[in-house]
Each structure stands twice: as C-alpha cells, then as structure tokens.
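These notes are about the structure you will find just below.
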Amino acid sequence: MNAAATPDLSALLESLVPLIRDAGQVIMDIYATDFDVTKKGDDSPVTQADGRAEAVILAGLARLAPGIPVVAEEAVSAGNIPDVSDRFFLVDPLDGTKEFISRNGEFTVNIALIEQGRPVLGLVYAPAIGRLFGGVAGQGAWLEDAQGRRAIRCRAVPAEGLTVVASRSHGDETALDAFLGGRKVASRTNAGSSLKLCLVAAGEADLYPRLGRTMEWDIAAGDAVLRAAGGRVTVVADGADLRYGKPGFDNPHFAAAGL
C-alpha cells in the first residue's frame, strides 16, 4: 500500500490490531520491571517503553503500509519530522507516560491515519486494563476486551446531566469550571491519556474538555474512534472540527463530545 493508493480502511485497521497489541506487550514487559525515567528537551518524562514500542510500530507500519509517512512522537522529539501530505499516520507509542510511571494502568498505545486533515482510522490500546478501541470513519467503532468485541456508540446526554471526564495529570480546575458554567453536570471524573476520548465514544462519558496543551499524536486515534462512534472533537474558540497536519502538530483547546 503506497501513499497514493486509497487503502481499504477496514482491512488496514484489522491488520494493525496485532501490531498495536505487540507494542502493548513490549510496554507491559517494561512495566513489570524497575524501569528508568528520563526527561526530554521539553522536560516531559520518557521511559524506554516509549522508544521500544515506537520502534515496533514504525517497523510494522513500514511493512503494512509502505509509502505512507508516519509522524511519531519520539521520532519528532529526535528531530525526525517527515513531510506530510494528504495522508499520513500519527503515532503515540505511550500516551500517559505519567500514568505509566505512577503505575495506575491508564496509559495507551495510539495509531491513527489522517486523510485530508481528518482522522479516518484509529486504534487506542490500554494494555494494562485490557481494553482496545477501534474505529473507521463511516463504518462505526468498537471495543474489544475480555468479553470479546462489541460495537460502541456515543450516547444521548442523560436527563440528570453530563458526565464530564477530565485529565488526571493536567487538570486546570478554574478553567474547567468556567467552561462548564451553565451546563447541567451530573458527575465529573478523571482519567489518564487518550482513554478520555474513548470513554465518550463508548457512551461511558459525555464530554471531555481539554483546556491545555496537547499534540496531535496524543489525541488523533481517540478522535478517530470518537468520530466513528458519532461524536466530535471541536475547537473551543470557534466550534470548528479539529484538524490535523497543523504546523508544529500542536492543538488548540478543544472539547470532545458525544451526540
């Protein structure tokens, strides 16, 4: 499969499932050890799990989808930034490194395919809790866990109000309170990494506002799953759908919501 050919997204998604599980196993093998933590140039933490999982994913994508550029977090950090066009992968090999370090299980492996600025395919795997989320634009989303695979869909907001999920490691309560002002909120909970987007996709939450800095690879796969499940990720400033392939790959403040 090259960059010019139109991929069969459903088939591509299925071919990526063993790959993302392999990357998750690499992470879990390191998770079971007394691993070292270092700092990147932006002072964010990184472990050997990040680099090893990314190497597994990059090798797999080169085999399964040669010719499609890959923007991967650790490669970008090292200065390896490919030219991206209308179609490219976004990869975060370990989203929620702080959750990984604190050993709360809420970290994920993320692979997304972007076409024309939109996430059209996504896989989000949380290996420590055994949950794999997948989705393809126009074809629906699913969750695979110990009970097997089942379709997921965003829910209508219950009469009692919104279930709001926020970042466990990057919370700004004042900004969140202001954003939620005037909305009927039934409960607020915290979760790590891109799981928050998937909780909205699965109808386990209704709204995830992110009023802080994120990078495209942090959320693209979760965004793809959410869109496939009937939700949206919109820019807080203007309500437009979030786009990908932006200069620098950083995101504005956004809100992920269901139906």
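Just remember, in the structure tokens the first chain shown is A, the second B, etc., residues are 1-based per chain, and ligands are 1-based in the order shown.
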Each range 62-180 of chain A residue no farther than 9 Å from range 15-32 of chain A, nearest pair in Å, only C-alpha atoms, as a tab-separated table:
residue	atom	partner	partner_atom	distance
A:Leu64	CA	A:Ser15	CA	7.5
A:Pro93	CA	A:Ala23	CA	7.6
A:Leu94	CA	A:Ile27	CA	8.1
A:Phe100	CA	A:Tyr31	CA	7.4
A:Ile101	CA	A:Tyr31	CA	8.4
A:Arg103	CA	A:Tyr31	CA	7.9
A:Thr108	CA	A:Gly24	CA	8.1
A:Val109	CA	A:Gly24	CA	6.6
A:Asn110	CA	A:Ile20	CA	7.8
A:Ile111	CA	A:Ile20	CA	7.8
A:Leu123	CA	A:Val17	CA	7.7
A:Val124	CA	A:Ile20	CA	8.3
A:Tyr125	CA	A:Ile20	CA	7.0
A:Ala126	CA	A:Gly24	CA	7.6
A:Pro127	CA	A:Gly24	CA	5.5
A:Ala128	CA	A:Met28	CA	7.1
A:Leu132	CA	A:Arg21	CA	8.7
A:Gly134	CA	A:Val17	CA	8.7
Residue contacts of Glu216 in chain A (10 Å, only C-alpha atoms) excluding same-chain residues fewer than 6 positions away, as a ChimeraX atom specification:
/A:71-73,90-92,112,223,242-246,248-252
Those same residues - N, CA, C and O atoms - I'd like them written as a CSV table (one decimal), in the first residue's frame.
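Resulting contents of out-v8.csv:
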chain,number,residue,atom,x,y,z
A,71,VAL,N,4.2,10.3,11.4
A,71,VAL,CA,4.6,11.3,12.4
A,71,VAL,C,4.5,10.6,13.8
A,71,VAL,O,3.3,10.3,14.2
A,72,ALA,N,5.6,10.3,14.4
A,72,ALA,CA,5.6,9.6,15.7
A,72,ALA,C,6.3,10.4,16.7
A,72,ALA,O,7.3,11.1,16.5
A,73,GLU,N,5.7,10.4,17.9
A,73,GLU,CA,6.1,11.3,19.0
A,73,GLU,C,7.6,11.3,19.3
A,73,GLU,O,8.3,12.3,19.3
A,90,LEU,N,-0.4,9.2,12.4
A,90,LEU,CA,0.1,9.8,13.7
A,90,LEU,C,0.2,8.7,14.7
A,90,LEU,O,-0.8,7.9,14.9
A,91,VAL,N,1.3,8.6,15.4
A,91,VAL,CA,1.6,7.5,16.3
A,91,VAL,C,2.0,8.1,17.7
A,91,VAL,O,3.0,9.0,17.7
A,92,ASP,N,1.4,7.7,18.7
A,92,ASP,CA,1.9,8.0,20.1
A,92,ASP,C,2.1,6.6,20.7
A,92,ASP,O,1.1,5.9,21.1
A,112,ALA,N,-3.2,6.4,14.4
A,112,ALA,CA,-4.3,7.0,13.7
A,112,ALA,C,-3.8,7.2,12.2
A,112,ALA,O,-2.6,7.5,12.0
A,223,ASP,N,-9.7,10.5,18.7
A,223,ASP,CA,-10.6,11.3,17.9
A,223,ASP,C,-11.2,10.5,16.8
A,223,ASP,O,-12.4,10.5,16.5
A,242,LEU,N,-11.7,19.8,14.8
A,242,LEU,CA,-10.3,19.9,15.0
A,242,LEU,C,-9.6,19.2,13.7
A,242,LEU,O,-10.1,18.2,13.2
A,243,ARG,N,-8.6,19.9,13.2
A,243,ARG,CA,-7.9,19.4,12.0
A,243,ARG,C,-6.5,18.9,12.4
A,243,ARG,O,-5.9,19.3,13.4
A,244,TYR,N,-5.9,18.1,11.5
A,244,TYR,CA,-4.6,17.5,11.8
A,244,TYR,C,-3.7,17.9,10.6
A,244,TYR,O,-4.1,18.1,9.5
A,245,GLY,N,-2.3,17.8,10.9
A,245,GLY,CA,-1.3,18.2,10.0
A,245,GLY,C,-1.0,19.7,10.1
A,245,GLY,O,-0.5,20.3,9.2
A,246,LYS,N,-1.3,20.3,11.3
A,246,LYS,CA,-1.1,21.7,11.5
A,246,LYS,C,0.5,21.9,11.7
A,246,LYS,O,1.2,21.0,12.2
A,248,GLY,N,3.8,22.4,13.4
A,248,GLY,CA,4.2,22.1,14.7
A,248,GLY,C,3.4,21.0,15.4
A,248,GLY,O,3.8,20.5,16.5
A,249,PHE,N,2.3,20.6,14.8
A,249,PHE,CA,1.5,19.5,15.3
A,249,PHE,C,0.9,19.7,16.7
A,249,PHE,O,0.5,18.7,17.4
A,250,ASP,N,0.8,21.0,17.2
A,250,ASP,CA,0.2,21.2,18.5
A,250,ASP,C,-1.3,21.6,18.3
A,250,ASP,O,-1.7,22.1,17.2
A,251,ASN,N,-2.1,21.3,19.3
A,251,ASN,CA,-3.5,21.5,19.2
A,251,ASN,C,-4.0,22.8,20.0
A,251,ASN,O,-3.4,23.1,21.0
A,252,PRO,N,-5.0,23.4,19.5
A,252,PRO,CA,-5.7,24.4,20.4
A,252,PRO,C,-6.5,23.8,21.4
A,252,PRO,O,-6.6,22.5,21.5
Shortest interatomic distance to Asn104 in chain A - which of A:Pro7, A:Gly135, A:Gly192, A:Gly181, counting only C-alpha atoms
A:Gly192
DSSP says alpha helix (DSSP H) for which residues of range 53-176 of chain A? Put them as a list of chain:residue names?
A:Ala53, A:Glu54, A:Ala55, A:Val56, A:Ile57, A:Leu58, A:Ala59, A:Gly60, A:Leu61, A:Ala62, A:Arg63, A:Leu64, A:Glu73, A:Glu74, A:Ala75, A:Val76, A:Ser77, A:Thr97, A:Lys98, A:Glu99, A:Phe100, A:Ile101, A:Ser102, A:Glu173, A:Thr174, A:Ala175, A:Leu176
Output for the residues just chosen: N, CA, C and O atoms as an mmCIF file, in the first residue's frame:
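Saved file result.cif follows:
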data_model
loop_
_atom_site.group_PDB
_atom_site.id
_atom_site.type_symbol
_atom_site.label_atom_id
_atom_site.label_comp_id
_atom_site.auth_asym_id
_atom_site.auth_seq_id
_atom_site.Cartn_x
_atom_site.Cartn_y
_atom_site.Cartn_z
ATOM 1 N N ALA A 53 8.363 0.682 22.072
ATOM 2 C CA ALA A 53 7.042 0.499 21.465
ATOM 3 C C ALA A 53 6.956 1.227 20.131
ATOM 4 O O ALA A 53 6.379 0.707 19.163
ATOM 5 N N GLU A 54 7.544 2.418 20.065
ATOM 6 C CA GLU A 54 7.517 3.148 18.801
ATOM 7 C C GLU A 54 8.288 2.405 17.720
ATOM 8 O O GLU A 54 7.845 2.345 16.562
ATOM 9 N N ALA A 55 9.408 1.801 18.070
ATOM 10 C CA ALA A 55 10.185 1.043 17.085
ATOM 11 C C ALA A 55 9.371 -0.122 16.525
ATOM 12 O O ALA A 55 9.406 -0.396 15.315
ATOM 13 N N VAL A 56 8.623 -0.807 17.378
ATOM 14 C CA VAL A 56 7.765 -1.903 16.924
ATOM 15 C C VAL A 56 6.713 -1.387 15.943
ATOM 16 O O VAL A 56 6.472 -1.986 14.882
ATOM 17 N N ILE A 57 6.087 -0.257 16.300
ATOM 18 C CA ILE A 57 5.021 0.284 15.450
ATOM 19 C C ILE A 57 5.577 0.779 14.120
ATOM 20 O O ILE A 57 4.989 0.512 13.057
ATOM 21 N N LEU A 58 6.694 1.479 14.145
ATOM 22 C CA LEU A 58 7.262 2.005 12.903
ATOM 23 C C LEU A 58 7.658 0.872 11.956
ATOM 24 O O LEU A 58 7.430 0.955 10.746
ATOM 25 N N ALA A 59 8.230 -0.180 12.496
ATOM 26 C CA ALA A 59 8.598 -1.323 11.655
ATOM 27 C C ALA A 59 7.352 -1.964 11.062
ATOM 28 O O ALA A 59 7.328 -2.347 9.879
ATOM 29 N N GLY A 60 6.307 -2.085 11.849
ATOM 30 C CA GLY A 60 5.072 -2.681 11.366
ATOM 31 C C GLY A 60 4.393 -1.844 10.299
ATOM 32 O O GLY A 60 3.903 -2.375 9.288
ATOM 33 N N LEU A 61 4.349 -0.534 10.501
ATOM 34 C CA LEU A 61 3.725 0.345 9.503
ATOM 35 C C LEU A 61 4.526 0.350 8.199
ATOM 36 O O LEU A 61 3.934 0.413 7.112
ATOM 37 N N ALA A 62 5.839 0.268 8.307
ATOM 38 C CA ALA A 62 6.668 0.208 7.093
ATOM 39 C C ALA A 62 6.369 -1.050 6.290
ATOM 40 O O ALA A 62 6.430 -1.046 5.051
ATOM 41 N N ARG A 63 6.013 -2.113 6.998
ATOM 42 C CA ARG A 63 5.691 -3.371 6.330
ATOM 43 C C ARG A 63 4.260 -3.377 5.789
ATOM 44 O O ARG A 63 4.006 -3.833 4.670
ATOM 45 N N LEU A 64 3.322 -2.861 6.580
ATOM 46 C CA LEU A 64 1.899 -2.942 6.224
ATOM 47 C C LEU A 64 1.435 -1.822 5.304
ATOM 48 O O LEU A 64 0.511 -2.012 4.514
ATOM 49 N N GLU A 73 5.732 10.368 17.945
ATOM 50 C CA GLU A 73 6.147 11.296 18.993
ATOM 51 C C GLU A 73 7.641 11.275 19.264
ATOM 52 O O GLU A 73 8.291 12.324 19.298
ATOM 53 N N GLU A 74 8.206 10.097 19.502
ATOM 54 C CA GLU A 74 9.617 10.046 19.879
ATOM 55 C C GLU A 74 10.518 10.405 18.703
ATOM 56 O O GLU A 74 11.569 11.030 18.884
ATOM 57 N N ALA A 75 10.119 10.037 17.489
ATOM 58 C CA ALA A 75 10.894 10.420 16.305
ATOM 59 C C ALA A 75 10.900 11.937 16.133
ATOM 60 O O ALA A 75 11.940 12.540 15.840
ATOM 61 N N VAL A 76 9.736 12.562 16.327
ATOM 62 C CA VAL A 76 9.657 14.023 16.224
ATOM 63 C C VAL A 76 10.533 14.672 17.288
ATOM 64 O O VAL A 76 11.248 15.647 17.031
ATOM 65 N N SER A 77 10.508 14.115 18.503
ATOM 66 C CA SER A 77 11.340 14.642 19.581
ATOM 67 C C SER A 77 12.823 14.586 19.224
ATOM 68 O O SER A 77 13.608 15.444 19.634
ATOM 69 N N THR A 97 2.440 8.831 29.819
ATOM 70 C CA THR A 97 3.682 8.376 30.439
ATOM 71 C C THR A 97 3.643 8.586 31.955
ATOM 72 O O THR A 97 4.146 7.762 32.726
ATOM 73 N N LYS A 98 3.020 9.684 32.401
ATOM 74 C CA LYS A 98 2.915 9.921 33.852
ATOM 75 C C LYS A 98 2.080 8.828 34.516
ATOM 76 O O LYS A 98 2.373 8.404 35.639
ATOM 77 N N GLU A 99 1.046 8.369 33.819
ATOM 78 C CA GLU A 99 0.235 7.269 34.351
ATOM 79 C C GLU A 99 1.043 5.965 34.375
ATOM 80 O O GLU A 99 0.905 5.157 35.302
ATOM 81 N N PHE A 100 1.872 5.772 33.360
ATOM 82 C CA PHE A 100 2.744 4.603 33.305
ATOM 83 C C PHE A 100 3.709 4.620 34.490
ATOM 84 O O PHE A 100 3.887 3.606 35.180
ATOM 85 N N ILE A 101 4.298 5.776 34.736
ATOM 86 C CA ILE A 101 5.271 5.901 35.826
ATOM 87 C C ILE A 101 4.603 5.693 37.182
ATOM 88 O O ILE A 101 5.170 5.056 38.077
ATOM 89 N N SER A 102 3.387 6.222 37.333
ATOM 90 C CA SER A 102 2.680 6.071 38.609
ATOM 91 C C SER A 102 1.979 4.717 38.736
ATOM 92 O O SER A 102 1.394 4.410 39.765
ATOM 93 N N GLU A 173 -8.612 23.275 37.136
ATOM 94 C CA GLU A 173 -9.978 23.283 37.654
ATOM 95 C C GLU A 173 -10.677 24.606 37.414
ATOM 96 O O GLU A 173 -11.879 24.646 37.131
ATOM 97 N N THR A 174 -9.947 25.713 37.504
ATOM 98 C CA THR A 174 -10.573 27.027 37.310
ATOM 99 C C THR A 174 -11.088 27.171 35.890
ATOM 100 O O THR A 174 -12.232 27.592 35.662
ATOM 101 N N ALA A 175 -10.244 26.803 34.912
ATOM 102 C CA ALA A 175 -10.661 26.897 33.510
ATOM 103 C C ALA A 175 -11.797 25.932 33.219
ATOM 104 O O ALA A 175 -12.733 26.256 32.482
ATOM 105 N N LEU A 176 -11.744 24.741 33.811
ATOM 106 C CA LEU A 176 -12.805 23.762 33.585
ATOM 107 C C LEU A 176 -14.124 24.245 34.176
ATOM 108 O O LEU A 176 -15.178 24.117 33.542
#
At a cut-off of 8 Å, using only C-alpha atoms, what residues contact Val37 in chain A? Leave out same-chain residues fewer than 4 positions from it and give the result as a PyMOL selection string.
chain A and resi 45-48+101
Option closest in space to Gly239 in chain A, from A:Cys198, A:Met215, A:Ala256, A:Ala137 [counting only C-alpha atoms]:
A:Ala256
For range 123-150 of chain A versus range 154-168 of chain A, which residues have an atom no more than 12 Å away, and what is each residue's nearest atom pair and distance in Å rounded to one decimal, using only C-alpha atoms, chain-then-number order, as a Markdown table?
| residue | atom | partner | partner_atom | distance |
| --- | --- | --- | --- | --- |
| A:Gly140 | CA | A:Cys154 | CA | 10.6 |
| A:Ala141 | CA | A:Cys154 | CA | 9.7 |
| A:Trp142 | CA | A:Cys154 | CA | 11.1 |
Selected residues, N, CA and C atoms, written as an mmCIF file, in the first residue's frame, please.
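Output (again00.cif):
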data_model
loop_
_atom_site.group_PDB
_atom_site.id
_atom_site.type_symbol
_atom_site.label_atom_id
_atom_site.label_comp_id
_atom_site.auth_asym_id
_atom_site.auth_seq_id
_atom_site.Cartn_x
_atom_site.Cartn_y
_atom_site.Cartn_z
ATOM 1 N N GLY A 140 -18.221 2.852 11.816
ATOM 2 C CA GLY A 140 -18.505 2.566 13.210
ATOM 3 C C GLY A 140 -17.262 2.296 14.034
ATOM 4 N N ALA A 141 -17.492 2.167 15.342
ATOM 5 C CA ALA A 141 -16.417 1.956 16.304
ATOM 6 C C ALA A 141 -16.729 0.737 17.159
ATOM 7 N N TRP A 142 -15.682 0.183 17.785
ATOM 8 C CA TRP A 142 -15.857 -1.000 18.618
ATOM 9 C C TRP A 142 -14.894 -0.995 19.780
#
As an MDAnalysis selection string, which residues of range 109-195 of chain A does DSSP assign to strand (DSSP E)?
chainID A and resid 109:115 118:126 131:136 140:145 148:152 162:167 185:191
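Here CA of Arg188 in chain A and CA of Asp218 in chain A stand 21.6 Å from one another.
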Closest to Ala11 in chain A among A:Asp50, A:Leu121, A:Asp241, A:Asp34, using only C-alpha atoms?
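Counting only C-alpha atoms, the residue closest to Ala11 in chain A is A:Leu121.
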Two-atom distance - CA of Ala237 in chain A, CA of Trp217 in chain A (Å)
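These two atoms are separated by 20.7 Å.
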Point-to-point distance from CA of Leu211 in chain A to CA of Ala151 in chain A, Å rounded to tenths:
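Spanning CA of Leu211 in chain A to CA of Ala151 in chain A is a straight-line distance of 29.6 Å.
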